[in-house]
Every structure is written in structure tokens, then in C-alpha cells.
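The file data-v4.txt contains compact mmCIF, C-alpha atoms and all ligand atoms:
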# COMPACT_ATOMS: atom_id res chain seq x y z
CA MET A 1 0.00 0.00 0.00
CA ASN A 2 2.87 2.29 0.86
CA LYS A 3 4.02 2.34 -2.71
CA THR A 4 0.67 2.86 -4.42
CA HIS A 5 -1.03 5.48 -2.26
CA VAL A 6 -0.16 9.04 -3.30
CA THR A 7 -1.65 10.72 -0.25
CA LEU A 8 1.04 10.60 2.44
CA LEU A 9 1.72 11.82 5.94
CA GLU A 10 5.40 12.73 6.04
CA ILE A 11 6.97 12.57 9.49
CA ASP A 12 9.93 14.86 10.15
CA SER A 13 12.14 13.02 12.62
CA LYS A 14 14.43 16.04 13.09
CA ALA A 15 11.41 18.06 14.19
CA VAL A 16 10.57 15.46 16.84
CA ILE A 17 14.14 15.65 18.15
CA HIS A 18 14.01 19.45 18.19
CA ASN A 19 10.74 19.43 20.12
CA PHE A 20 12.02 16.82 22.58
CA ASN A 21 15.11 18.92 23.27
CA TYR A 22 13.04 22.08 23.57
CA PHE A 23 10.97 20.57 26.40
CA LYS A 24 14.08 18.97 27.96
CA SER A 25 15.61 22.45 28.15
CA LYS A 26 12.73 23.58 30.35
CA LEU A 27 13.48 20.88 32.94
CA ILE A 28 16.17 20.56 35.56
CA PRO A 29 18.47 17.64 34.66
CA ALA A 30 17.09 15.39 37.41
CA THR A 31 13.56 15.54 36.03
CA LYS A 32 12.69 12.53 33.91
CA PHE A 33 10.93 12.75 30.57
CA LEU A 34 8.00 10.54 29.58
CA GLY A 35 7.05 10.73 25.91
CA VAL A 36 3.37 10.08 25.22
CA VAL A 37 2.98 8.00 22.04
CA LYS A 38 -0.64 6.87 22.41
CA ALA A 39 -3.01 6.83 19.44
CA PHE A 40 -0.21 6.11 16.93
CA ALA A 41 1.87 8.93 18.46
CA TYR A 42 -0.99 11.36 17.95
CA GLY A 43 -1.58 10.09 14.43
CA ASN A 44 2.08 10.21 13.42
CA GLU A 45 3.67 6.74 13.76
CA ALA A 46 4.08 5.21 17.18
CA VAL A 47 7.00 2.87 16.50
CA ALA A 48 9.00 5.45 14.52
CA ILE A 49 8.44 8.16 17.14
CA ALA A 50 9.20 5.77 20.02
CA GLU A 51 12.46 4.75 18.31
CA ILE A 52 13.47 8.38 17.88
CA LEU A 53 12.68 9.15 21.53
CA GLU A 54 14.48 6.04 22.72
CA ASN A 55 17.60 7.07 20.78
CA GLU A 56 17.38 10.56 22.25
CA GLY A 57 17.35 9.18 25.77
CA VAL A 58 13.72 9.46 26.82
CA ASP A 59 13.14 7.86 30.24
CA TYR A 60 9.63 6.52 29.82
CA LEU A 61 7.01 6.02 27.13
CA ALA A 62 3.24 5.91 27.59
CA VAL A 63 0.31 4.68 25.55
CA ALA A 64 -3.36 4.42 26.44
CA PHE A 65 -4.12 0.75 25.84
CA ILE A 66 -2.39 -2.60 26.24
CA ASP A 67 -2.39 -3.47 22.54
CA GLU A 68 -0.58 -0.22 21.78
CA GLY A 69 2.13 -1.23 24.24
CA ILE A 70 2.40 -4.74 22.80
CA ALA A 71 2.89 -3.26 19.31
CA LEU A 72 5.82 -1.19 20.61
CA ARG A 73 7.42 -4.19 22.32
CA GLU A 74 6.98 -6.35 19.21
CA ALA A 75 8.78 -3.64 17.23
CA GLY A 76 11.71 -3.84 19.65
CA ILE A 77 11.11 -0.85 21.92
CA THR A 78 12.85 -1.54 25.24
CA LYS A 79 12.22 1.57 27.39
CA PRO A 80 9.70 1.25 30.23
CA ILE A 81 6.16 1.66 28.90
CA LEU A 82 3.33 2.96 31.08
CA ILE A 83 -0.13 1.82 30.03
CA LEU A 84 -2.36 4.73 31.01
CA HIS A 85 -5.71 2.97 30.73
CA PRO A 86 -5.59 -0.82 31.05
CA GLN A 87 -8.82 -2.72 31.68
CA LYS A 88 -9.37 -5.34 34.35
CA GLU A 89 -10.43 -8.07 31.91
CA THR A 90 -7.13 -8.10 30.00
CA LEU A 91 -4.51 -7.18 32.61
CA HIS A 92 -2.68 -10.53 32.33
CA HIS A 93 -1.55 -9.58 28.81
CA LEU A 94 0.78 -6.97 30.32
CA LEU A 95 3.07 -9.48 31.99
CA PRO A 96 4.87 -11.19 29.08
CA TYR A 97 5.68 -7.78 27.57
CA GLN A 98 6.89 -6.06 30.74
CA LEU A 99 4.26 -3.36 30.27
CA GLU A 100 3.61 -1.30 33.38
CA PRO A 101 0.00 -0.59 34.30
CA ASN A 102 -1.60 2.49 35.69
CA LEU A 103 -3.80 1.04 38.44
CA TYR A 104 -6.57 3.51 39.08
CA SER A 105 -9.11 1.69 41.28
CA PHE A 106 -9.26 -1.01 43.95
CA ARG A 107 -10.88 -3.26 41.37
CA VAL A 108 -7.92 -3.15 38.96
CA LEU A 109 -5.30 -3.04 41.72
CA HIS A 110 -6.56 -6.26 43.34
CA GLN A 111 -6.99 -7.98 40.00
CA PHE A 112 -3.47 -7.08 38.91
CA MET A 113 -1.92 -8.30 42.18
CA ASP A 114 -3.78 -11.60 41.70
CA GLU A 115 -2.43 -11.92 38.15
CA VAL A 116 1.13 -11.30 39.33
CA LYS A 117 0.75 -13.86 42.11
CA LYS A 118 -0.65 -16.44 39.67
CA ALA A 119 2.34 -15.86 37.41
CA ASN A 120 4.74 -16.30 40.36
CA LEU A 121 6.30 -12.89 39.78
CA GLN A 122 7.57 -10.41 42.35
CA HIS A 123 8.06 -6.65 42.57
CA TYR A 124 6.30 -6.02 39.27
CA PRO A 125 6.45 -2.26 38.52
CA ILE A 126 3.10 -0.50 38.83
CA HIS A 127 1.89 3.11 38.74
CA ILE A 128 -0.97 4.51 40.78
CA LYS A 129 -3.09 7.39 39.60
CA PHE A 130 -4.92 9.78 41.87
CA ASN A 131 -7.92 11.78 40.80
CA THR A 132 -7.40 15.38 41.91
CA GLY A 133 -10.24 16.93 39.92
CA LEU A 134 -10.46 15.55 36.39
CA ASN A 135 -12.91 12.88 37.55
CA ARG A 136 -11.88 10.52 34.80
CA LEU A 137 -9.59 7.81 36.26
CA GLY A 138 -7.90 7.49 39.63
CA PHE A 139 -8.17 6.89 43.36
CA LYS A 140 -9.64 9.62 45.51
CA SER A 141 -7.44 11.33 48.07
CA THR A 142 -9.56 9.64 50.75
CA ASP A 143 -8.46 6.24 49.37
CA VAL A 144 -4.78 6.86 50.14
CA ASP A 145 -4.70 5.06 53.50
CA GLU A 146 -6.30 1.96 52.07
CA VAL A 147 -3.96 1.99 49.05
CA ILE A 148 -1.02 2.22 51.46
CA SER A 149 -2.28 -0.68 53.54
CA ILE A 150 -2.65 -2.85 50.43
CA LEU A 151 0.85 -2.06 49.20
CA LYS A 152 2.50 -2.50 52.59
CA ASP A 153 4.03 -5.88 53.37
CA GLN A 154 3.47 -7.54 50.02
CA GLN A 155 5.91 -8.78 47.39
CA GLU A 156 3.85 -8.86 44.20
CA VAL A 157 4.11 -5.27 43.02
CA TYR A 158 6.49 -2.36 43.37
CA LEU A 159 5.11 1.18 43.32
CA THR A 160 7.32 2.78 40.65
CA SER A 161 5.36 5.99 40.29
CA ILE A 162 2.37 7.95 41.47
CA PHE A 163 0.68 10.53 39.33
CA SER A 164 -2.30 12.71 38.63
CA HIS A 165 -3.50 14.68 35.61
CA LEU A 166 -4.25 18.40 35.38
CA VAL A 167 -7.68 19.54 34.25
CA ALA A 168 -6.87 22.91 32.70
CA SER A 169 -3.11 23.39 32.59
CA GLU A 170 -3.39 25.47 29.40
CA ASP A 171 -5.91 27.90 30.91
CA LEU A 172 -4.38 30.53 33.19
CA ASN A 173 -7.87 31.63 34.27
CA GLU A 174 -7.97 28.28 36.10
CA ARG A 175 -4.72 28.91 37.95
CA ALA A 176 -6.37 28.58 41.39
CA PHE A 177 -8.02 25.27 40.48
CA THR A 178 -4.73 23.93 39.09
CA GLN A 179 -2.82 25.02 42.18
CA ASN A 180 -5.35 23.10 44.29
CA GLN A 181 -4.65 20.00 42.20
CA ILE A 182 -0.90 20.46 42.66
CA ASP A 183 -1.30 20.91 46.43
CA ALA A 184 -3.61 17.91 46.73
CA PHE A 185 -1.16 15.74 44.80
CA ASN A 186 1.80 16.89 46.92
CA GLU A 187 -0.12 15.99 50.06
CA ILE A 188 -0.92 12.51 48.72
CA SER A 189 2.73 12.02 47.70
CA LYS A 190 3.99 12.98 51.13
CA LYS A 191 1.68 10.51 52.83
CA ILE A 192 2.83 7.68 50.56
CA THR A 193 6.50 8.49 50.98
CA ASP A 194 6.17 8.75 54.77
CA LYS A 195 4.12 5.64 55.33
CA LEU A 196 5.64 3.29 52.74
CA GLN A 197 9.19 4.62 53.16
CA ILE A 198 9.73 4.66 49.39
CA ASN A 199 10.22 7.43 46.85
CA PRO A 200 8.08 6.66 43.81
CA ILE A 201 8.51 8.90 40.75
CA ARG A 202 5.94 11.71 41.11
CA HIS A 203 4.50 13.17 37.90
CA LEU A 204 1.72 15.58 37.13
CA THR A 205 2.27 17.79 34.08
CA ASN A 206 1.35 17.36 30.41
CA THR A 207 2.67 19.67 27.66
CA SER A 208 0.94 22.86 28.79
CA GLY A 209 1.57 21.98 32.43
CA VAL A 210 5.29 21.83 31.66
CA ILE A 211 5.06 25.27 30.07
CA ASN A 212 2.84 26.97 32.66
CA TYR A 213 3.72 25.25 35.93
CA PRO A 214 7.51 24.85 36.30
CA ASP A 215 7.10 24.22 40.05
CA ALA A 216 4.97 21.18 39.29
CA HIS A 217 7.46 19.31 37.07
CA LEU A 218 8.30 17.13 40.12
CA ASP A 219 10.25 13.96 39.22
CA MET A 220 8.93 13.43 35.68
CA VAL A 221 6.85 15.20 33.03
CA ARG A 222 4.52 13.62 30.46
CA VAL A 223 4.73 15.35 27.10
CA GLY A 224 2.45 14.44 24.19
CA ILE A 225 1.20 17.15 21.84
CA GLY A 226 4.34 19.26 22.34
CA LEU A 227 6.50 16.54 20.79
CA TYR A 228 4.40 16.83 17.66
CA GLY A 229 4.82 20.60 17.42
CA PHE A 230 1.98 22.18 19.36
CA GLY A 231 2.42 24.36 22.44
CA ASN A 232 -0.40 25.93 24.38
CA ASP A 233 -0.31 29.20 22.46
CA ALA A 234 1.09 30.66 19.25
CA ALA A 235 4.24 31.91 20.98
CA GLU A 236 5.14 28.46 22.35
CA THR A 237 4.13 26.73 19.13
CA SER A 238 6.46 29.03 17.17
CA LYS A 239 9.40 27.59 19.13
CA LEU A 240 8.45 24.07 18.09
CA LYS A 241 8.87 22.40 14.71
CA ASN A 242 6.05 20.86 12.74
CA VAL A 243 6.24 17.07 12.58
CA GLY A 244 3.50 15.91 10.19
CA THR A 245 3.00 17.10 6.61
CA LEU A 246 -0.13 15.75 4.95
CA LYS A 247 0.14 15.87 1.18
CA SER A 248 -1.42 14.47 -1.95
CA THR A 249 -1.66 15.17 -5.68
CA ILE A 250 -4.28 16.43 -8.10
CA SER A 251 -6.06 13.45 -9.72
CA GLN A 252 -8.12 15.38 -12.26
CA ILE A 253 -9.10 18.92 -13.18
CA HIS A 254 -12.60 19.83 -14.42
CA THR A 255 -13.94 22.97 -16.00
CA ILE A 256 -17.41 23.67 -14.60
CA ASN A 257 -19.80 25.84 -16.56
CA PRO A 258 -22.28 28.23 -14.92
CA GLY A 259 -25.30 26.28 -13.65
CA GLU A 260 -23.40 22.99 -13.27
CA SER A 261 -22.84 21.44 -9.86
CA ILE A 262 -20.00 19.66 -8.09
CA GLY A 263 -20.24 16.59 -5.88
CA TYR A 264 -22.97 14.80 -3.96
CA ASN A 265 -26.36 16.44 -3.49
CA ARG A 266 -25.30 19.26 -5.83
CA ALA A 267 -24.11 21.16 -2.75
CA PHE A 268 -22.07 23.51 -4.95
CA ILE A 269 -23.76 25.06 -7.95
CA SER A 270 -21.54 27.24 -10.06
CA SER A 271 -22.62 30.76 -10.94
CA GLU A 272 -19.61 31.30 -13.18
CA MET A 273 -16.96 29.31 -14.98
CA VAL A 274 -14.94 27.41 -12.34
CA LYS A 275 -11.90 25.14 -12.49
CA SER A 276 -12.00 22.35 -9.89
CA ALA A 277 -9.31 19.87 -8.85
CA THR A 278 -10.11 16.43 -7.41
CA ILE A 279 -7.83 15.31 -4.54
CA PRO A 280 -7.72 11.68 -3.32
CA ILE A 281 -8.44 12.30 0.38
CA GLY A 282 -11.84 12.39 2.06
CA HIS A 283 -13.79 12.12 5.27
CA ALA A 284 -12.65 8.50 5.74
CA ASP A 285 -9.14 9.89 5.97
CA GLY A 286 -9.88 12.50 8.61
CA ILE A 287 -10.99 15.42 6.45
CA HIS A 288 -14.00 16.42 8.49
CA ARG A 289 -17.21 16.83 6.54
CA ASN A 290 -17.65 20.23 8.21
CA LEU A 291 -14.78 21.44 6.03
CA GLY A 292 -16.88 21.18 2.88
CA ASN A 293 -18.59 24.06 1.14
CA LYS A 294 -15.64 26.49 1.23
CA VAL A 295 -15.02 26.15 4.95
CA GLY A 296 -11.76 24.22 4.57
CA TYR A 297 -8.97 24.45 2.06
CA VAL A 298 -5.79 22.80 0.82
CA THR A 299 -2.67 24.54 -0.43
CA ILE A 300 -1.64 24.25 -4.08
CA ASN A 301 1.25 26.22 -5.52
CA ASN A 302 1.32 28.24 -2.25
CA GLN A 303 -2.29 29.33 -2.66
CA GLN A 304 -5.42 28.35 -0.77
CA ALA A 305 -7.83 26.19 -2.73
CA PHE A 306 -11.18 25.96 -0.93
CA ILE A 307 -13.26 22.78 -0.88
CA LEU A 308 -16.25 22.97 -3.25
CA GLY A 309 -19.42 21.14 -2.23
CA ASN A 310 -19.48 18.19 0.16
CA VAL A 311 -16.47 16.22 1.32
CA CYS A 312 -16.75 12.67 -0.10
CA MET A 313 -15.46 9.54 1.62
CA ASP A 314 -12.33 9.29 -0.52
CA MET A 315 -12.11 12.63 -2.32
CA ILE A 316 -12.53 16.36 -2.18
CA MET A 317 -12.95 18.81 -5.02
CA VAL A 318 -11.25 22.18 -4.57
CA ASP A 319 -11.42 25.52 -6.33
CA VAL A 320 -8.35 26.12 -8.50
CA THR A 321 -9.95 28.69 -10.81
CA HIS A 322 -7.25 31.22 -10.03
CA ILE A 323 -4.40 28.82 -9.31
CA ASN A 324 -1.78 27.88 -11.85
CA CYS A 325 -1.73 24.06 -11.60
CA LYS A 326 -2.14 20.83 -13.53
CA GLU A 327 -3.10 17.21 -12.96
CA GLY A 328 -0.41 15.43 -10.93
CA ASP A 329 0.68 18.56 -9.06
CA GLU A 330 1.47 18.43 -5.36
CA VAL A 331 -1.23 19.40 -2.83
CA PHE A 332 -0.69 20.13 0.85
CA ILE A 333 -3.55 19.50 3.25
CA PHE A 334 -1.31 20.81 6.01
CA LYS A 335 2.40 21.53 6.15
CA ASN A 336 2.73 23.63 9.29
CA GLN A 337 1.10 24.05 12.67
CA GLU A 338 -0.90 27.10 11.52
CA ASN A 339 -2.56 24.97 8.81
CA VAL A 340 -3.48 22.32 11.37
CA GLU A 341 -4.81 24.83 13.91
CA ASP A 342 -6.75 26.66 11.20
CA LEU A 343 -8.33 23.50 9.77
CA ALA A 344 -9.11 22.32 13.31
CA THR A 345 -10.85 25.59 14.14
CA ARG A 346 -12.73 25.57 10.85
CA SER A 347 -14.01 22.05 11.52
CA GLY A 348 -14.99 22.90 15.08
CA THR A 349 -12.25 20.97 16.84
CA ILE A 350 -8.69 21.24 18.20
CA SER A 351 -5.24 20.27 16.92
CA TYR A 352 -5.29 17.05 19.01
CA GLU A 353 -8.36 15.70 17.16
CA MET A 354 -7.17 16.96 13.78
CA ILE A 355 -3.86 15.06 13.88
CA THR A 356 -5.07 11.92 15.68
CA GLY A 357 -7.93 11.72 13.16
CA ILE A 358 -5.75 11.11 10.09
CA SER A 359 -6.81 7.57 9.19
CA GLN A 360 -4.50 4.59 9.08
CA ARG A 361 -5.29 4.29 5.36
CA ILE A 362 -2.76 7.05 4.73
CA PRO A 363 0.82 5.74 4.75
CA ARG A 364 3.25 7.40 7.13
CA VAL A 365 6.65 8.13 5.60
CA LEU A 366 9.62 9.02 7.76
CA LYS A 367 12.00 11.63 6.43
C1 LIG B 1 -2.54 12.14 26.82
C2 LIG B 1 -1.98 12.34 28.17
C3 LIG B 1 -0.86 13.18 28.38
C4 LIG B 1 -0.25 14.04 27.29
O1 LIG B 1 -0.93 15.27 27.21
P1 LIG B 1 -0.48 16.42 26.18
O2 LIG B 1 -1.40 17.54 26.48
O3 LIG B 1 -0.68 15.86 24.82
O4 LIG B 1 0.95 16.71 26.48
C5 LIG B 1 -0.31 13.23 29.65
N1 LIG B 1 -0.85 12.52 30.68
C6 LIG B 1 -1.94 11.74 30.52
C7 LIG B 1 -2.50 11.02 31.70
C8 LIG B 1 -2.55 11.64 29.28
O5 LIG B 1 -3.64 10.88 29.13
Target encoding C-alpha cells, full file:
Amino acid sequence: MNKTHVTLLEIDSKAVIHNFNYFKSKLIPATKFLGVVKAFAYGNEAVAIAEILENEGVDYLAVAFIDEGIALREAGITKPILILHPQKETLHHLLPYQLEPNLYSFRVLHQFMDEVKKANLQHYPIHIKFNTGLNRLGFKSTDVDEVISILKDQQEVYLTSIFSHLVASEDLNERAFTQNQIDAFNEISKKITDKLQINPIRHLTNTSGVINYPDAHLDMVRVGIGLYGFGNDAAETSKLKNVGTLKSTISQIHTINPGESIGYNRAFISSEMVKSATIPIGHADGIHRNLGNKVGYVTINNQQAFILGNVCMDMIMVDVTHINCKEGDEVFIFKNQENVEDLATRSGTISYEMITGISQRIPRVLK
């Protein structure tokens, strides 16, 4: 498929390295770096990105689900891998791959300790998440004593890290709320350190937390979107390099006479002579249908070509009336962060959804 598909997502490995080093430079040397490569490294390419980060000396990797971790191990990734959201029913699959679970409830904690016991293993590394306000996954602060009593005097698991996740680290209007989360987490950490007499890695901040809350870097930071070129505002983003370039070619050009229509449901009806170009990428590839009808655009010959009519599953038709181009010419869906942010805004979403939404049908090419 790689060789026959002309629509490609090019991955710039040097940009990943630049972004990694940019965030490293914000940390004191003792602070560890966890690279988040869930969801195919935010739509880029999980194995390729994990290999780059491993070579650059990342301390930890994280994915959301167990199968994502297994894919990394099968590709030869050796760094510790934190599974952020394992499910009780499939926890035993972690063991043969040395994948380290986030255990976020008594239900999964007990189940995992049973699995380890059954497998005759000892001191298996685990991570415990506390819910300090996101109300998504994690133990409550009132659970701490019980967690401590479970982990005391047992041999099955070793508490490698404790963590929590910030609700609104990018939003400085929520500074007071965030500070409460930081304080609550520090209190939980202190209790665990005092009562268990161990020093698990403490981690709290995602990309925008690293940028906005230097006092909360603690022992490790968890950077996702920043590695792929997006900071929490235009100023931070401008210091990062763009990683993914989504490009294609013009399949066919049509001349449309006044009164003729383009695409399904005749959503575009021409009032003048129009030249349209058909591009082999559609809503099945992550081009949101909201981008149709001149909301979204691609770039051809450095000019914006707006989408005419509805986005099809495998194609879009764009307006090239005033663009000097021919069949076979190169088309950029996005080639920089501004393109991504702009298309995201125009389709009513955010950069995270835009880049993770590029379908697996499109080959990823490392350059
Ligand atoms: C996805 C995720 C991150 C990374 O967040 P970014 O904003 O992309 O840096 C960090 N921590 C947890 C728990 C996550 O789920």
C-alpha cells in the first residue's frame, strides 16, 4: 500500500528531536521525561516516534491501551512503557511484555496483584493514579490510606510511580483550580513516601503543564502534543517544529460551466466558470465533513484552494480557478502548525483531534 497510495503523511524526525530537546531544556536535569505515544503517536507513527525518543534518551514512554504497548514491544522498543488505561479483563496480557499498568481503582489493583501472584512474579512495577479533579480515572485522596495498607508488606508489586492529571493546565484563568490539584497531589505524595518509606517517581504535568507550571514538574513530566509541534499558544508553538505534513496530488481537473454542480447532493452550484481539482483524500481519511462548502482548504502552488461542495469519503474537489496548476501537481492538506490549527478551528475541533484523526489508510513516511 505504501508504494501505491499518493496521499502521504510525512513525518519529520528532526522536528521530533528538536521538540524533545526544547521541552528537555525547560526541565532541571534530574527531572525525567515521559514521551506520550498513544493513538499512533498522535496520528504520526508510534514505533518510529518511540524509536526516535528512545535514541534521544527518553526515560519513559506511555500509551493508552495494552495493545498499543504490545505493538511497541513487538517492534523492539525496550524503554519502560506505562499503560495509562488498562482494563481489568485483559490485565494478564501486560506481563509477558513487561508493560507497566496504571492502576486507578481497587478493582484493577486487586486484580493485577492476583495476576502477578498467579504468574509467580515479584516486585512487578506499577503506577498509581490519583484523581485530583479531572474525575476521569484514579483513586480519591480519601483512598490513600487503604492503598497504602494494600501495598505495605506484600511482594507482588512495586510502586514505581504515582501521578495525577491536570484539568486545565493550558488555561491561566484556572490557575487557582490547578494550584489546588498540585497541592492535593503533593499531600498525597507525602503521605505515601512517609508511610511506605519509598520514593516513587511523582508526575503531574502534560505539555501545557510543563510550560505553565515549572514548580509542578516534580520527578517526571509527560509530554504528548508538544513533541508533535503544538504548544499551548502561538508563541510556544512558534518555538516548536512541525512534525507531520499531509500531502497528496491532483487526480483530475474539471472545468465547470455556470449552472453545473459539483459533488454529492449538488451542494455547490456554479454561478460562473470554475476550475476544480479532485484530490484523493476524504472524510474517511480525517478530512472532516464540516470542512466542505468552502469552509476548509488545501494549499496548491502556495495558494489556498477551498473545498467545493461536500467532502466525499475518498475525495474532495477544490477551487483552482485562479491557481496555476495541472493534474499530478502536489497538494498540501497541512504543512505547518498554523494549517493544522486553522483546519481544526474551521471544523470545530482542536489540533489534538485533527492530527489523531488522520486515518490509518494514509501511509506514514519518515524523512
Ligand atoms: C494524553 C496524556 C498526556 C499528554 O498530554 P499532552 O497535552 O498531549 O501533552 C499526559 N498525561 C496523561 C494522563 C494523558 O492521558
ask   = Can I get the residues close to ligand LIG 1 (chain B) as a PyMOL selection string, where close means within 8 Å and we count all atoms listed in the file?
value = chain A and resi 36+38+64+84+164-165+204-209+222-227+352
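For the set A:Gln122, A:Thr132, A:Asn199, A:Thr237, the residue with the smallest atom-to-atom gap to Ala184 in chain A is A:Thr132, counting all atoms listed in the file.
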Mind checking which residues fall within 12 Å of Gln197 in chain A, counting all atoms listed in the file, ignoring those fewer than 5 positions away in the same chain, and posting them as a PDB file with C-alpha atoms, in the coordinates of the input?
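Listed below is the output, part_7.pdb:
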ATOM      1  CA  ILE A 148      -1.020   2.220  51.460  1.00  0.00           C
ATOM      2  CA  LEU A 151       0.850  -2.060  49.200  1.00  0.00           C
ATOM      3  CA  LYS A 152       2.500  -2.500  52.590  1.00  0.00           C
ATOM      4  CA  ASP A 153       4.030  -5.880  53.370  1.00  0.00           C
ATOM      5  CA  LEU A 159       5.110   1.180  43.320  1.00  0.00           C
ATOM      6  CA  SER A 189       2.730  12.020  47.700  1.00  0.00           C
ATOM      7  CA  LYS A 190       3.990  12.980  51.130  1.00  0.00           C
ATOM      8  CA  LYS A 191       1.680  10.510  52.830  1.00  0.00           C
ATOM      9  CA  ILE A 192       2.830   7.680  50.560  1.00  0.00           C
TER      10      ILE A 192
END
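In this model, the gap between CA of Ser105 in chain A and CA of Ala50 in chain A comes to 28.4 Å.
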task = Could you tell me which of A:Ile300, A:Val243, A:Ala39, A:Ile350 comes closest to Lys367 in chain A if we count all atoms listed in the file?
result =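 That would be A:Val243, the residue with the smallest distance to Lys367 in chain A.
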inquiry  = So that I can check the surroundings of Ser351 in chain A, please list as a ChimeraX atom specification every protein, DNA and RNA residue that reaches within 8 Å of it, counting all atoms listed in the file and ignoring chain neighbours fewer than 4 positions away.
reply    = /A:230,340-341,344,355
Counting only C-alpha atoms, the option among A:Lys195, A:Lys26, A:Arg136, A:Lys335 closest to Ser149 in chain A =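 Of the candidates, the smallest distance to Ser149 in chain A is held by A:Lys195.
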task = Would you mind telling me which residue in A:Ile262, A:Ile201, A:Ile17, A:Leu240 lies nearest to Asn336 in chain A when using only C-alpha atoms?
result =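 Checking each candidate against Asn336 in chain A, we get A:Leu240 as the closest.
Going from CA of Ala71 in chain A over to CA of Gln98 in chain A, you cover 12.4 Å.
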Fill-in result for range 182-201 of chain A, N, CA and C atoms as a tab-separated table (two decimals), in the coordinates of the input:
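Done, and the output landed in part_10.tsv:
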chain	number	residue	atom	x	y	z
A	182	ILE	N	-2.32	20.66	42.34
A	182	ILE	CA	-0.90	20.46	42.66
A	182	ILE	C	-0.73	20.22	44.16
A	183	ASP	N	-1.41	21.05	44.97
A	183	ASP	CA	-1.30	20.91	46.43
A	183	ASP	C	-1.85	19.56	46.89
A	184	ALA	N	-3.00	19.19	46.33
A	184	ALA	CA	-3.61	17.91	46.73
A	184	ALA	C	-2.68	16.75	46.39
A	185	PHE	N	-2.06	16.83	45.21
A	185	PHE	CA	-1.16	15.74	44.80
A	185	PHE	C	0.07	15.69	45.70
A	186	ASN	N	0.62	16.86	46.04
A	186	ASN	CA	1.80	16.89	46.92
A	186	ASN	C	1.49	16.29	48.29
A	187	GLU	N	0.28	16.54	48.76
A	187	GLU	CA	-0.12	15.99	50.06
A	187	GLU	C	-0.21	14.46	50.00
A	188	ILE	N	-0.82	13.96	48.91
A	188	ILE	CA	-0.92	12.51	48.72
A	188	ILE	C	0.48	11.89	48.65
A	189	SER	N	1.36	12.53	47.88
A	189	SER	CA	2.73	12.02	47.70
A	189	SER	C	3.45	11.91	49.04
A	190	LYS	N	3.27	12.94	49.85
A	190	LYS	CA	3.99	12.98	51.13
A	190	LYS	C	3.53	11.82	52.02
A	191	LYS	N	2.24	11.59	52.02
A	191	LYS	CA	1.68	10.51	52.83
A	191	LYS	C	2.27	9.15	52.40
A	192	ILE	N	2.33	8.96	51.09
A	192	ILE	CA	2.83	7.68	50.56
A	192	ILE	C	4.31	7.49	50.89
A	193	THR	N	5.07	8.56	50.69
A	193	THR	CA	6.50	8.49	50.98
A	193	THR	C	6.73	8.22	52.47
A	194	ASP	N	5.99	8.92	53.31
A	194	ASP	CA	6.17	8.75	54.77
A	194	ASP	C	5.79	7.36	55.22
A	195	LYS	N	4.63	6.90	54.77
A	195	LYS	CA	4.12	5.64	55.33
A	195	LYS	C	4.71	4.39	54.68
A	196	LEU	N	5.07	4.48	53.40
A	196	LEU	CA	5.64	3.29	52.74
A	196	LEU	C	7.17	3.33	52.73
A	197	GLN	N	7.72	4.47	53.13
A	197	GLN	CA	9.19	4.62	53.16
A	197	GLN	C	9.82	4.30	51.79
A	198	ILE	N	9.16	4.79	50.74
A	198	ILE	CA	9.73	4.66	49.39
A	198	ILE	C	9.58	6.01	48.70
A	199	ASN	N	10.30	6.19	47.62
A	199	ASN	CA	10.22	7.43	46.85
A	199	ASN	C	9.79	7.18	45.42
A	200	PRO	N	8.51	6.88	45.19
A	200	PRO	CA	8.08	6.66	43.81
A	200	PRO	C	8.26	7.93	42.98
A	201	ILE	N	8.43	7.76	41.67
A	201	ILE	CA	8.51	8.90	40.75
A	201	ILE	C	7.16	9.62	40.82
